[in-house]
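Q: Please find work_4.txt (compact mmCIF, C-alpha atoms and all ligand atoms) on the next line:
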# COMPACT_ATOMS: atom_id res chain seq x y z
CA MET A 240 83.58 80.95 109.36
CA ALA A 241 87.11 79.96 110.25
CA ALA A 242 88.78 76.94 108.68
CA VAL A 243 88.59 73.62 110.47
CA SER A 244 91.42 71.10 110.22
CA VAL A 245 91.00 68.24 107.76
CA ARG A 246 91.77 65.96 110.75
CA GLU A 247 88.59 64.78 112.38
CA GLY A 248 88.25 66.60 115.69
CA GLY A 249 91.13 68.92 114.74
CA PRO A 250 91.25 72.58 115.81
CA THR A 251 89.68 75.61 114.14
CA LEU A 252 92.08 78.08 112.58
CA LYS A 253 91.66 81.79 113.24
CA THR A 254 92.34 84.34 110.50
CA PRO A 255 94.29 87.63 110.78
CA LEU A 256 91.00 89.56 110.91
CA ASP A 257 90.10 87.68 114.12
CA PHE A 258 92.99 89.54 115.81
CA GLU A 259 92.40 93.27 116.33
CA ASP A 260 96.13 93.97 116.47
CA SER A 261 97.11 92.07 113.31
CA PRO A 262 98.63 94.13 110.48
CA LEU A 263 95.67 93.19 108.28
CA SER A 264 93.12 94.36 110.86
CA ARG A 265 94.98 97.66 111.17
CA SER A 266 94.83 98.19 107.39
CA ALA A 267 91.22 97.05 107.21
CA ARG A 268 90.25 100.03 109.37
CA GLN A 269 91.25 102.45 106.57
CA PRO A 270 88.26 103.75 104.61
CA LEU A 271 90.16 103.06 101.36
CA LEU A 272 93.09 100.66 101.44
CA LEU A 273 96.07 101.79 99.40
CA GLY A 274 98.43 99.41 97.68
CA VAL A 275 101.22 99.48 95.14
CA PHE A 276 101.17 96.99 92.27
CA LEU A 277 104.89 96.62 91.55
CA ASP A 278 106.37 95.76 88.17
CA LEU A 279 108.93 93.09 88.93
CA GLN A 280 109.14 92.34 85.25
CA ASP A 281 109.81 94.32 82.09
CA ARG A 282 106.60 95.84 80.80
CA LYS A 283 106.29 98.11 77.82
CA ILE A 284 103.12 100.15 77.50
CA SER A 285 104.62 102.81 75.21
CA ASN A 286 107.93 104.02 73.81
CA TYR A 287 107.56 107.26 75.80
CA PRO A 288 110.55 107.02 78.17
CA THR A 289 110.13 105.90 81.79
CA SER A 290 112.50 105.26 84.68
CA ASN A 291 110.81 101.91 85.44
CA SER A 292 112.87 98.84 86.17
CA TRP A 293 112.18 95.24 87.16
CA LYS A 294 115.23 95.31 89.43
CA PHE A 295 114.90 94.47 93.09
CA ASP A 296 116.55 97.66 94.38
CA TYR A 297 114.31 99.88 92.24
CA ASN A 298 111.22 98.13 93.62
CA VAL A 299 112.51 98.14 97.20
CA ASP A 300 112.77 101.94 96.97
CA ILE A 301 109.10 102.10 95.92
CA VAL A 302 107.97 99.80 98.72
CA LYS A 303 109.97 101.64 101.37
CA LYS A 304 108.46 104.87 100.19
CA ALA A 305 104.95 103.37 100.22
CA ASP A 306 105.61 102.05 103.72
CA ALA A 307 106.72 105.48 104.94
CA LEU A 308 103.60 107.06 103.39
CA GLY A 309 101.36 104.66 105.30
CA PHE A 310 100.33 102.51 102.33
CA ASP A 311 98.75 99.21 103.33
CA ILE A 312 99.89 96.73 100.69
CA ALA A 313 102.69 95.97 98.26
CA PHE A 314 102.05 93.27 95.74
CA SER A 315 103.26 92.01 92.39
CA ARG A 316 102.45 89.50 89.70
CA THR A 317 104.37 86.39 88.70
CA GLN A 318 104.19 84.97 85.20
CA TRP A 319 105.94 81.98 83.64
CA LEU A 320 106.45 82.85 80.00
CA PRO A 321 108.76 81.40 77.37
CA LYS A 322 111.67 83.26 75.78
CA GLY A 323 110.44 86.54 74.33
CA GLY A 324 107.26 86.40 76.42
CA TYR A 325 107.93 89.43 78.59
CA ASP A 326 108.06 92.93 77.15
CA GLY A 327 111.78 92.80 77.84
CA GLU A 328 113.79 89.89 79.11
CA ALA A 329 113.60 89.96 82.87
CA SER A 330 111.01 88.93 85.46
CA LEU A 331 111.65 88.41 89.17
CA ASP A 332 109.58 85.92 91.12
CA ALA A 333 107.11 87.68 93.43
CA PHE A 334 107.16 84.92 96.08
CA ILE A 335 110.86 85.47 96.72
CA ALA A 336 111.02 89.21 96.03
CA LEU A 337 108.07 90.28 98.21
CA GLY A 338 109.23 87.86 100.90
CA ALA A 339 112.69 89.44 100.89
CA MET A 340 111.14 92.87 101.30
CA ALA A 341 109.88 91.80 104.74
CA ALA A 342 113.37 92.41 106.10
CA VAL A 343 113.57 96.03 104.90
CA THR A 344 110.04 97.32 105.63
CA LYS A 345 108.08 98.02 108.81
CA ASN A 346 104.31 98.15 108.49
CA ILE A 347 103.23 97.44 104.92
CA LEU A 348 101.60 94.10 104.01
CA LEU A 349 103.61 92.15 101.42
CA ILE A 350 101.58 89.93 99.12
CA SER A 351 103.45 87.38 96.99
CA THR A 352 101.75 85.87 93.96
CA ILE A 353 102.23 82.10 93.98
CA HIS A 354 101.04 79.63 91.33
CA VAL A 355 100.02 77.12 93.93
CA LEU A 356 99.42 74.22 91.54
CA TYR A 357 102.65 74.42 89.53
CA GLY A 358 105.32 71.91 90.38
CA PRO A 359 103.30 70.61 92.18
CA LEU A 360 104.20 72.46 95.36
CA HIS A 361 103.62 70.25 98.38
CA PRO A 362 101.35 71.71 101.11
CA LEU A 363 104.25 71.34 103.54
CA HIS A 364 106.35 73.67 101.38
CA ILE A 365 103.69 76.37 101.35
CA ALA A 366 102.94 75.98 105.07
CA LYS A 367 106.60 76.04 106.14
CA TYR A 368 107.73 78.84 103.80
CA GLY A 369 104.62 80.78 104.74
CA ALA A 370 105.13 80.40 108.50
CA THR A 371 108.75 81.47 108.08
CA LEU A 372 107.86 84.63 106.15
CA ASP A 373 105.03 85.29 108.59
CA HIS A 374 107.55 85.39 111.45
CA ILE A 375 110.14 87.44 109.54
CA SER A 376 107.47 89.99 108.58
CA LYS A 377 105.60 89.79 111.92
CA GLY A 378 102.32 88.89 110.28
CA ARG A 379 102.66 91.19 107.26
CA TRP A 380 103.20 88.59 104.55
CA GLY A 381 100.54 86.91 102.45
CA ILE A 382 99.83 84.91 99.31
CA ASN A 383 97.98 85.94 96.19
CA ILE A 384 96.75 82.44 95.32
CA VAL A 385 96.77 81.92 91.56
CA THR A 386 96.12 78.69 89.72
CA GLY A 387 97.45 79.60 86.25
CA HIS A 388 95.17 80.74 83.42
CA ARG A 389 97.55 80.40 80.46
CA ALA A 390 97.90 77.06 78.67
CA ILE A 391 101.53 77.81 77.87
CA GLU A 392 102.46 78.06 81.56
CA HIS A 393 100.99 74.68 82.46
CA GLN A 394 102.78 73.19 79.45
CA MET A 395 106.04 74.70 80.71
CA PHE A 396 105.56 72.63 83.86
CA GLY A 397 104.94 69.51 81.81
CA TRP A 398 101.19 69.01 81.48
CA ASN A 399 98.19 70.39 79.60
CA ARG A 400 96.25 73.17 81.30
CA ILE A 401 94.05 71.83 84.07
CA GLU A 402 90.39 72.66 83.53
CA HIS A 403 89.34 76.03 85.02
CA ASP A 404 87.00 74.95 87.85
CA LYS A 405 89.06 71.84 88.63
CA ARG A 406 91.98 74.18 89.39
CA TYR A 407 89.97 75.92 92.09
CA GLU A 408 88.89 72.54 93.47
CA MET A 409 92.56 71.49 93.69
CA ALA A 410 93.57 74.83 95.24
CA GLY A 411 90.73 74.35 97.75
CA GLU A 412 92.02 70.97 98.85
CA LEU A 413 95.55 72.36 99.00
CA PHE A 414 94.54 75.24 101.28
CA ASP A 415 92.35 73.01 103.44
CA VAL A 416 95.55 71.14 104.19
CA VAL A 417 97.88 74.17 104.38
CA ASN A 418 95.44 75.87 106.78
CA SER A 419 95.30 72.66 108.81
CA LEU A 420 99.10 72.55 109.06
CA TRP A 421 99.14 76.17 110.25
CA GLY A 422 96.56 75.46 112.95
CA GLU A 423 97.18 71.85 113.94
CA THR A 424 98.08 70.82 117.46
CA GLU A 425 98.91 67.26 116.33
CA ASN A 426 100.78 65.63 113.45
CA LEU A 427 98.70 65.47 110.29
CA THR A 428 98.19 62.52 107.97
CA TYR A 429 96.21 63.08 104.78
CA GLU A 430 96.00 61.71 101.26
CA GLY A 431 95.05 64.07 98.41
CA ARG A 432 91.59 63.43 96.96
CA VAL A 433 92.04 65.55 93.82
CA SER A 434 95.72 66.36 94.43
CA PRO A 435 98.83 64.30 93.63
CA TRP A 436 100.40 64.49 97.13
CA LYS A 437 100.02 62.94 100.57
CA LEU A 438 101.27 63.68 104.07
CA GLU A 439 102.19 61.38 106.90
CA ASN A 440 102.69 62.69 110.42
CA ALA A 441 103.32 66.15 109.00
CA TRP A 442 104.00 69.03 111.39
CA ILE A 443 104.77 72.74 111.03
CA THR A 444 106.20 74.96 113.69
CA PRO A 445 106.34 77.86 114.45
CA LYS A 446 102.69 78.61 113.88
CA PRO A 447 101.87 81.90 112.12
CA LEU A 448 101.43 84.83 114.51
CA TYR A 449 97.82 85.69 113.62
CA GLY A 450 96.32 82.31 112.73
CA ARG A 451 97.64 82.27 109.19
CA PRO A 452 99.27 84.58 106.64
CA VAL A 453 97.01 86.94 104.71
CA LEU A 454 95.27 85.11 101.85
CA VAL A 455 94.26 86.86 98.67
CA ASN A 456 93.01 85.85 95.29
CA ALA A 457 92.28 87.55 92.01
CA THR A 458 89.18 86.41 90.21
CA GLY A 459 85.98 87.18 88.37
CA SER A 460 84.58 83.70 87.75
CA PRO A 461 81.88 81.90 89.80
CA ALA A 462 84.34 79.14 90.82
CA GLY A 463 86.96 81.75 91.73
CA ILE A 464 84.48 83.80 93.76
CA ASP A 465 83.39 80.64 95.56
CA PHE A 466 87.05 79.95 96.39
CA ALA A 467 87.80 83.54 97.43
CA THR A 468 84.85 83.78 99.78
CA ARG A 469 85.90 80.52 101.45
CA TYR A 470 89.64 81.09 101.83
CA SER A 471 90.68 84.69 101.19
CA ASP A 472 90.69 87.95 103.13
CA LEU A 473 91.13 90.19 100.10
CA VAL A 474 89.82 89.73 96.58
CA PHE A 475 91.46 91.49 93.67
CA ILE A 476 88.58 92.16 91.35
CA THR A 477 88.37 93.51 87.81
CA SER A 478 85.94 95.76 86.06
CA PRO A 479 83.22 93.65 84.42
CA GLY A 480 82.98 96.56 81.95
CA GLY A 481 85.92 98.23 80.32
CA ALA A 482 88.98 99.99 81.64
CA ALA A 483 87.40 103.45 81.32
CA ILE A 484 86.28 104.72 84.72
CA GLU A 485 82.69 105.32 83.54
CA SER A 486 82.18 101.72 82.48
CA ALA A 487 83.91 100.43 85.62
CA LEU A 488 81.63 102.52 87.84
CA ALA A 489 78.55 101.34 85.93
CA THR A 490 79.35 97.63 86.13
CA LEU A 491 81.10 97.23 89.48
CA PRO A 492 78.17 97.58 91.93
CA ASP A 493 76.41 94.33 90.90
CA HIS A 494 79.70 92.48 90.73
CA ILE A 495 80.79 93.62 94.18
CA ALA A 496 77.36 92.78 95.62
CA THR A 497 77.68 89.24 94.24
CA ILE A 498 81.05 88.78 95.95
CA LYS A 499 80.09 90.36 99.26
CA ASN A 500 76.81 88.44 99.42
CA ALA A 501 78.60 85.16 98.71
CA ALA A 502 81.00 85.89 101.59
CA LYS A 503 78.13 86.88 103.86
CA ALA A 504 76.32 83.63 103.11
CA ARG A 505 79.38 81.87 104.56
CA GLY A 506 79.46 84.15 107.61
CA ARG A 507 82.63 85.85 106.32
CA THR A 508 83.62 89.26 105.00
CA VAL A 509 86.09 89.97 102.22
CA LYS A 510 87.60 93.24 101.07
CA THR A 511 87.48 94.04 97.35
CA LEU A 512 90.47 95.69 95.71
CA ILE A 513 90.96 96.86 92.15
CA ASN A 514 94.09 97.96 90.29
CA PRO A 515 93.88 101.32 88.54
CA VAL A 516 96.73 102.95 86.69
CA ILE A 517 96.88 106.62 87.69
CA VAL A 518 97.82 109.20 85.06
CA SER A 519 97.92 112.64 86.61
CA ARG A 520 99.57 116.03 86.43
CA ASP A 521 98.77 119.29 88.25
CA THR A 522 96.05 120.42 85.81
CA PRO A 523 93.65 118.70 83.39
CA GLU A 524 95.57 120.24 80.47
CA GLU A 525 98.95 118.98 81.68
CA THR A 526 97.41 115.56 82.32
CA ASP A 527 96.05 115.46 78.76
CA ALA A 528 99.46 116.32 77.36
CA TYR A 529 101.11 113.56 79.42
CA LEU A 530 98.46 111.02 78.43
CA GLN A 531 98.83 112.00 74.77
CA ALA A 532 102.60 111.53 74.94
CA ILE A 533 102.11 108.01 76.31
CA VAL A 534 99.46 107.16 73.71
CA ASP A 535 101.56 108.60 70.85
CA GLY A 536 104.37 106.27 71.90
CA GLN A 537 102.24 103.12 71.78
CA GLU A 538 103.12 100.62 69.11
CA LYS A 539 100.49 99.20 66.82
CA LYS A 540 99.87 95.60 67.83
CA ALA A 541 100.73 92.96 65.26
CA PRO A 542 97.76 90.91 63.98
CA GLY A 543 97.07 88.07 66.41
CA ASP A 544 98.64 89.88 69.35
CA SER A 545 96.06 90.17 72.08
CA LYS A 546 95.63 93.61 73.54
CA PHE A 547 94.83 92.01 76.85
CA GLY A 548 97.14 89.05 77.25
CA HIS A 549 100.85 88.84 76.76
CA LYS A 550 101.56 88.18 73.10
CA GLY A 551 98.12 86.66 72.71
CA TYR A 552 98.89 83.51 74.71
CA ASP A 553 95.75 81.49 75.22
CA SER A 554 94.08 82.31 78.55
CA ASP A 555 90.87 80.97 80.08
CA ALA A 556 90.60 83.76 82.67
CA HIS A 557 87.10 85.11 83.25
CA ALA A 558 88.29 88.21 85.04
CA TRP A 559 89.34 90.17 81.95
CA LYS A 560 86.40 89.32 79.69
CA GLY A 561 84.82 92.78 80.08
CA ARG A 562 87.63 94.04 77.88
CA LEU A 563 86.23 92.11 74.94
CA ASP A 564 82.69 93.43 75.22
CA GLY A 565 82.07 96.19 72.69
CA ARG A 566 79.24 97.68 74.76
CA HIS A 567 81.72 98.95 77.35
CA LYS A 568 83.97 101.95 77.11
CA GLN A 569 87.58 100.85 76.96
CA GLY A 570 90.55 102.91 78.02
CA TYR A 571 93.94 103.69 76.53
CA ASN A 572 95.60 100.34 77.27
CA LEU A 573 97.83 101.83 79.96
CA GLY A 574 98.41 98.60 81.89
CA GLY A 575 95.96 98.83 84.80
CA ASN A 576 92.66 97.03 85.03
CA ILE A 577 91.02 100.45 85.07
CA GLU A 578 92.33 103.93 84.32
CA VAL A 579 92.07 106.93 86.61
CA ILE A 580 93.12 110.01 84.68
CA GLY A 581 93.09 113.68 85.65
CA SER A 582 94.32 116.45 87.92
CA PRO A 583 94.75 115.57 91.63
CA GLU A 584 91.20 116.76 92.34
CA GLN A 585 89.81 114.67 89.49
CA VAL A 586 91.75 111.61 90.62
CA VAL A 587 90.38 111.91 94.15
CA GLU A 588 86.86 112.31 92.77
CA GLN A 589 87.24 109.07 90.80
CA LEU A 590 88.76 107.17 93.73
CA ALA A 591 85.92 108.42 95.93
CA ALA A 592 83.42 107.22 93.31
CA LEU A 593 85.06 103.78 93.29
CA HIS A 594 84.84 103.68 97.08
CA LYS A 595 81.18 104.67 96.88
CA VAL A 596 80.33 101.73 94.61
CA GLY A 597 81.89 99.32 97.11
CA ILE A 598 85.62 99.17 96.31
CA ASP A 599 87.52 98.75 99.60
CA GLY A 600 90.98 99.39 98.23
CA VAL A 601 93.10 100.26 95.23
CA GLN A 602 96.35 98.69 94.09
CA LEU A 603 97.98 101.56 92.26
CA GLY A 604 100.13 101.41 89.18
CA PHE A 605 101.86 104.31 87.43
CA TYR A 606 103.32 104.87 84.00
CA ASP A 607 106.58 106.08 85.55
CA TRP A 608 107.05 104.98 89.14
CA LYS A 609 109.62 107.60 90.08
CA ILE A 610 107.86 110.70 88.77
CA ASP A 611 104.23 109.65 89.11
CA PHE A 612 104.45 108.10 92.56
CA ASP A 613 106.06 111.32 93.85
CA HIS A 614 103.23 113.30 92.29
CA PHE A 615 100.71 110.98 93.98
CA ALA A 616 102.43 111.34 97.35
CA THR A 617 102.70 115.12 97.30
CA LYS A 618 99.59 116.20 95.39
CA ILE A 619 96.97 113.45 95.63
CA LEU A 620 97.47 111.72 98.99
CA PRO A 621 96.83 114.92 101.02
CA LEU A 622 93.53 115.38 99.14
CA LEU A 623 92.56 111.77 99.83
CA LYS A 624 93.06 112.49 103.52
CA GLU A 625 91.01 115.68 103.27
CA ALA A 626 88.26 113.66 101.59
CA GLY A 627 88.27 111.25 104.55
CA LEU A 628 89.39 108.30 102.43
CA ARG A 629 92.62 107.91 104.39
CA VAL A 630 93.21 108.35 108.10
CA ASP A 631 96.57 108.72 109.82
C1 LIG B 701 95.05 92.19 90.06
C2 LIG B 701 95.30 90.86 89.42
C3 LIG B 701 96.55 90.30 89.49
C4 LIG B 701 96.81 89.07 88.91
N1 LIG B 701 98.06 88.55 88.98
C5 LIG B 701 98.33 87.39 88.37
C6 LIG B 701 99.62 86.85 88.36
O1 LIG B 701 100.55 87.43 88.91
N2 LIG B 701 99.83 85.67 87.72
C7 LIG B 701 98.83 84.99 87.11
O2 LIG B 701 99.07 83.93 86.56
N3 LIG B 701 97.59 85.47 87.11
C8 LIG B 701 97.33 86.64 87.70
N4 LIG B 701 96.07 87.14 87.66
C9 LIG B 701 95.05 86.35 87.01
C10 LIG B 701 94.33 85.49 88.01
O3 LIG B 701 95.23 84.61 88.58
C11 LIG B 701 93.24 84.68 87.39
O4 LIG B 701 93.80 83.71 86.54
C12 LIG B 701 92.31 85.47 86.59
O5 LIG B 701 91.86 86.54 87.32
C13 LIG B 701 91.20 84.62 86.10
O6 LIG B 701 90.56 84.00 87.13
P1 LIG B 701 89.04 83.72 86.94
O7 LIG B 701 88.91 82.93 85.70
O8 LIG B 701 88.65 82.99 88.19
O9 LIG B 701 88.39 85.06 86.82
C14 LIG B 701 95.79 88.37 88.24
C15 LIG B 701 94.53 88.94 88.17
C16 LIG B 701 94.26 90.17 88.74
C17 LIG B 701 92.89 90.72 88.65
Step by step, read the file and then write its structure as structure tokens.
Ligand SMILES: Cc1cc2nc3c(=O)[nH]c(=O)nc-3n(C[C@H](O)[C@H](O)[C@H](O)COP(=O)(O)O)c2cc1C
A:
Amino acid sequence: MAAVSVREGGPTLKTPLDFEDSPLSRSARQPLLLGVFLDLQDRKISNYPTSNSWKFDYNVDIVKKADALGFDIAFSRTQWLPKGGYDGEASLDAFIALGAMAAVTKNILLISTIHVLYGPLHPLHIAKYGATLDHISKGRWGINIVTGHRAIEHQMFGWNRIEHDKRYEMAGELFDVVNSLWGETENLTYEGRVSPWKLENAWITPKPLYGRPVLVNATGSPAGIDFATRYSDLVFITSPGGAAIESALATLPDHIATIKNAAKARGRTVKTLINPVIVSRDTPEETDAYLQAIVDGQEKKAPGDSKFGHKGYDSDAHAWKGRLDGRHKQGYNLGGNIEVIGSPEQVVEQLAALHKVGIDGVQLGFYDWKIDFDHFATKILPLLKEAGLRVD
């Protein structure tokens, strides 16, 4: 089901998957999509030293390398936290940083996280900025649509947190209009029903190359799944169980079925992606030693600090609730939604098991991007190809 303009009698908007030659369609043909989940902000998992940096150049090197290796997606988070909120001081904005990477990469999809309700951003801003990045990237740029789950972020923008499901309703109206602007053949006039903006004779040109940019969202709630299956091509999902691979594998099948069935009921398909952190060395013993070094360097959390949210800031996100359920096996708090730990063979086994339960792609994170991504490229990627999970 493609989107129809909010203008009565307006045109239907195609999506990138409607075009066989779009960058998204090319990636969607991979058995297991591969992505990198960049750290554009200071994050501290452990005192064990790493080379990691939030800096643009450091992250550009990772993305160029991922691009050369045939990875499908580069993506990063954006957070709006007060002084002292990040693990260090710095945090680049993913909208700008991933957009800028369009100019220095060739094939990889670049997904910018945007808090679409903050500001508020006007639909014309999103449509115009999006069409511009779509042309610069030749259809490789997209939005991870987030609505803001932390009270403190909404307050930073000057209001109290908007109620959870209302946020998705507002994002829905926003993207009905943004999609319309991308597809319209006439000027558009519209007054927000649940949104604080209006448009009069609004027009965007150029139009995106493949209908619209890639749309993504990250969710685990019923309202979020409803939104994702209406608007998005990719859904970043989380383990309804814990971070340990066993509990993820046990709880993901039902969750994925719910999402895929909801999309099917709308006549659409969505791809499900999850973000594991990979901890691996050549042998199980060397991997254990590396893992132990990371764990030994972890600081005890102060009382009141949430293990799962930055500094315990209040969050109403559904997607991470599995972490609080004592019935599930949790991991080592290594920063990914799930943890894939072992020798190259063991990592491939676990990624194959995730694929088998319905995961279409993985957004990889590493404890040390320089050392661990090299290890992945030289030792694990060839085995993924042998296993048929990646094709050249
Ligand atoms: C892989 C992934 C990446 C996310 N990135 C961000 C982000 O950059 N900024 C943000 O505010 N929320 C981020 N979130 C949180 C989501 O935006 C959302 O608030 C959360 O998943 C809860 O949504 P739900 O209540 O619909 O499940 C991310 C979630 C996931 C799973």
Q: Expressed in Å to a single decimal, how great is the separation between CA of Ile365 (chain A) and CA of Val243 (chain A)?
A: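 A separation of 17.9 Å between them.
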Q: Excluding region 308-322 of chain A and residues on its chain fewer than 3 positions from it, collect all residues at most 7 Å away from it, counting all atoms listed in the file, and give them as an MDAnalysis selection string.
A: chainID A and resid 266 272:279 302 304:305 325 332:333 347:352 392
Q: Check every protein, DNA and RNA residue against ligand LIG 701 (chain B), keep those with an atom at most 10 Å away (counting all atoms listed in the file), and present them as a PyMOL selection string.
A: chain A and resi 276+314-320+332-333+351-354+383-389+392+403-404+406-407+456-467+474-478+512-515+554-560+575-576+601-602
Q: Mind checking which residues fall within 8 Å of Tyr470 (chain A), counting all atoms listed in the file, ignoring those fewer than 4 positions away in the same chain, and posting them as a ChimeraX atom specification?
A: /A:411,414,454,466
Q: Write the selection just made, keeping C-alpha atoms, as an mmCIF file, keeping the file's coordinate frame?
A:
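Dumped to out-v2.cif:
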data_model
loop_
_atom_site.group_PDB
_atom_site.id
_atom_site.type_symbol
_atom_site.label_atom_id
_atom_site.label_comp_id
_atom_site.auth_asym_id
_atom_site.auth_seq_id
_atom_site.Cartn_x
_atom_site.Cartn_y
_atom_site.Cartn_z
ATOM 1 C CA GLY A 411 90.730 74.350 97.750
ATOM 2 C CA PHE A 414 94.540 75.240 101.280
ATOM 3 C CA LEU A 454 95.270 85.110 101.850
ATOM 4 C CA PHE A 466 87.050 79.950 96.390
#
Q: Using all atoms listed in the file, which residue out of A:Ile443, A:Val518, A:Leu356, A:Leu331 lies closest to Ile610 (chain A)?
A: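 Counting all atoms listed in the file, the residue closest to Ile610 (chain A) is A:Val518.
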Q: Output, as lines of an AutoDock Vina configuration file, the centre and edge lengths in Å (one decimal) of the axis-aligned box that contains all listed atoms of region 421-436 of chain A with 4 Å of margin on each side.
A:
center_x = 96.2
center_y = 68.9
center_z = 105.5
size_x = 17.2
size_y = 22.5
size_z = 31.8
Q: Would you please work out which residue, of A:Ala370, A:Ala336, A:Ala307, A:Ala267, is nearest to Lys294 (chain A) when using all atoms listed in the file?
A: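 Closest candidate: A:Ala336.
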Q: Using only C-alpha atoms, which protein or nucleic acid residues come within 10 Å of Pro255 (chain A)? Drop anything in the same chain fewer than 4 positions from it, and give the result as an NGL selection string.
A: :A and (259-264 or 378-379 or 447-454 or 472)
Q: The selected residues should be written to file as an mmCIF file, keeping the file's coordinate frame (atoms: C-alpha atoms).
A:
data_model
loop_
_atom_site.group_PDB
_atom_site.id
_atom_site.type_symbol
_atom_site.label_atom_id
_atom_site.label_comp_id
_atom_site.auth_asym_id
_atom_site.auth_seq_id
_atom_site.Cartn_x
_atom_site.Cartn_y
_atom_site.Cartn_z
ATOM 1 C CA GLU A 259 92.400 93.270 116.330
ATOM 2 C CA ASP A 260 96.130 93.970 116.470
ATOM 3 C CA SER A 261 97.110 92.070 113.310
ATOM 4 C CA PRO A 262 98.630 94.130 110.480
ATOM 5 C CA LEU A 263 95.670 93.190 108.280
ATOM 6 C CA SER A 264 93.120 94.360 110.860
ATOM 7 C CA GLY A 378 102.320 88.890 110.280
ATOM 8 C CA ARG A 379 102.660 91.190 107.260
ATOM 9 C CA PRO A 447 101.870 81.900 112.120
ATOM 10 C CA LEU A 448 101.430 84.830 114.510
ATOM 11 C CA TYR A 449 97.820 85.690 113.620
ATOM 12 C CA GLY A 450 96.320 82.310 112.730
ATOM 13 C CA ARG A 451 97.640 82.270 109.190
ATOM 14 C CA PRO A 452 99.270 84.580 106.640
ATOM 15 C CA VAL A 453 97.010 86.940 104.710
ATOM 16 C CA LEU A 454 95.270 85.110 101.850
ATOM 17 C CA ASP A 472 90.690 87.950 103.130
#
Q: Do you know which residues are at most 7 Å from Asn399 (chain A) counting only C-alpha atoms, after dropping those on the same chain fewer than 3 positions away, and could you put them as a tab-separated table (two decimals) with C-alpha atoms, in the frame of the given file?
A:
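And here is the file that came out, result_29.tsv:
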chain	number	residue	atom	x	y	z
A	390	ALA	CA	97.90	77.06	78.67
A	393	HIS	CA	100.99	74.68	82.46
A	394	GLN	CA	102.78	73.19	79.45
Q: Would you mind completing region 496-508 of chain A so that it carries N, CA and C atoms, and writing it out as a PDB file, keeping the file's coordinate frame?
A:
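Result went into part_38.pdb, see below:
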ATOM      1  N   ALA A 496      78.447  93.334  94.798  1.00  0.00           N
ATOM      2  CA  ALA A 496      77.360  92.780  95.620  1.00  0.00           C
ATOM      3  C   ALA A 496      77.380  91.252  95.565  1.00  0.00           C
ATOM      4  N   THR A 497      77.621  90.704  94.379  1.00  0.00           N
ATOM      5  CA  THR A 497      77.680  89.240  94.240  1.00  0.00           C
ATOM      6  C   THR A 497      78.751  88.663  95.164  1.00  0.00           C
ATOM      7  N   ILE A 498      79.930  89.299  95.149  1.00  0.00           N
ATOM      8  CA  ILE A 498      81.050  88.780  95.950  1.00  0.00           C
ATOM      9  C   ILE A 498      80.769  88.929  97.442  1.00  0.00           C
ATOM     10  N   LYS A 499      80.307  90.112  97.824  1.00  0.00           N
ATOM     11  CA  LYS A 499      80.090  90.360  99.260  1.00  0.00           C
ATOM     12  C   LYS A 499      78.952  89.485  99.804  1.00  0.00           C
ATOM     13  N   ASN A 500      77.926  89.294  98.970  1.00  0.00           N
ATOM     14  CA  ASN A 500      76.810  88.440  99.420  1.00  0.00           C
ATOM     15  C   ASN A 500      77.254  86.983  99.555  1.00  0.00           C
ATOM     16  N   ALA A 501      78.109  86.554  98.628  1.00  0.00           N
ATOM     17  CA  ALA A 501      78.600  85.160  98.710  1.00  0.00           C
ATOM     18  C   ALA A 501      79.413  84.978  99.993  1.00  0.00           C
ATOM     19  N   ALA A 502      80.213  85.986 100.343  1.00  0.00           N
ATOM     20  CA  ALA A 502      81.000  85.890 101.590  1.00  0.00           C
ATOM     21  C   ALA A 502      80.056  85.888 102.795  1.00  0.00           C
ATOM     22  N   LYS A 503      79.075  86.768 102.747  1.00  0.00           N
ATOM     23  CA  LYS A 503      78.130  86.880 103.860  1.00  0.00           C
ATOM     24  C   LYS A 503      77.397  85.557 104.099  1.00  0.00           C
ATOM     25  N   ALA A 504      77.036  84.913 102.999  1.00  0.00           N
ATOM     26  CA  ALA A 504      76.320  83.630 103.110  1.00  0.00           C
ATOM     27  C   ALA A 504      77.179  82.595 103.838  1.00  0.00           C
ATOM     28  N   ARG A 505      78.483  82.780 103.827  1.00  0.00           N
ATOM     29  CA  ARG A 505      79.380  81.870 104.560  1.00  0.00           C
ATOM     30  C   ARG A 505      79.741  82.420 105.939  1.00  0.00           C
ATOM     31  N   GLY A 506      79.140  83.544 106.302  1.00  0.00           N
ATOM     32  CA  GLY A 506      79.460  84.150 107.610  1.00  0.00           C
ATOM     33  C   GLY A 506      80.837  84.803 107.603  1.00  0.00           C
ATOM     34  N   ARG A 507      81.318  85.208 106.415  1.00  0.00           N
ATOM     35  CA  ARG A 507      82.630  85.850 106.320  1.00  0.00           C
ATOM     36  C   ARG A 507      82.493  87.223 105.672  1.00  0.00           C
ATOM     37  N   THR A 508      83.567  88.026 105.778  1.00  0.00           N
ATOM     38  CA  THR A 508      83.620  89.260 105.000  1.00  0.00           C
ATOM     39  C   THR A 508      84.909  89.241 104.189  1.00  0.00           C
TER      40      THR A 508
END
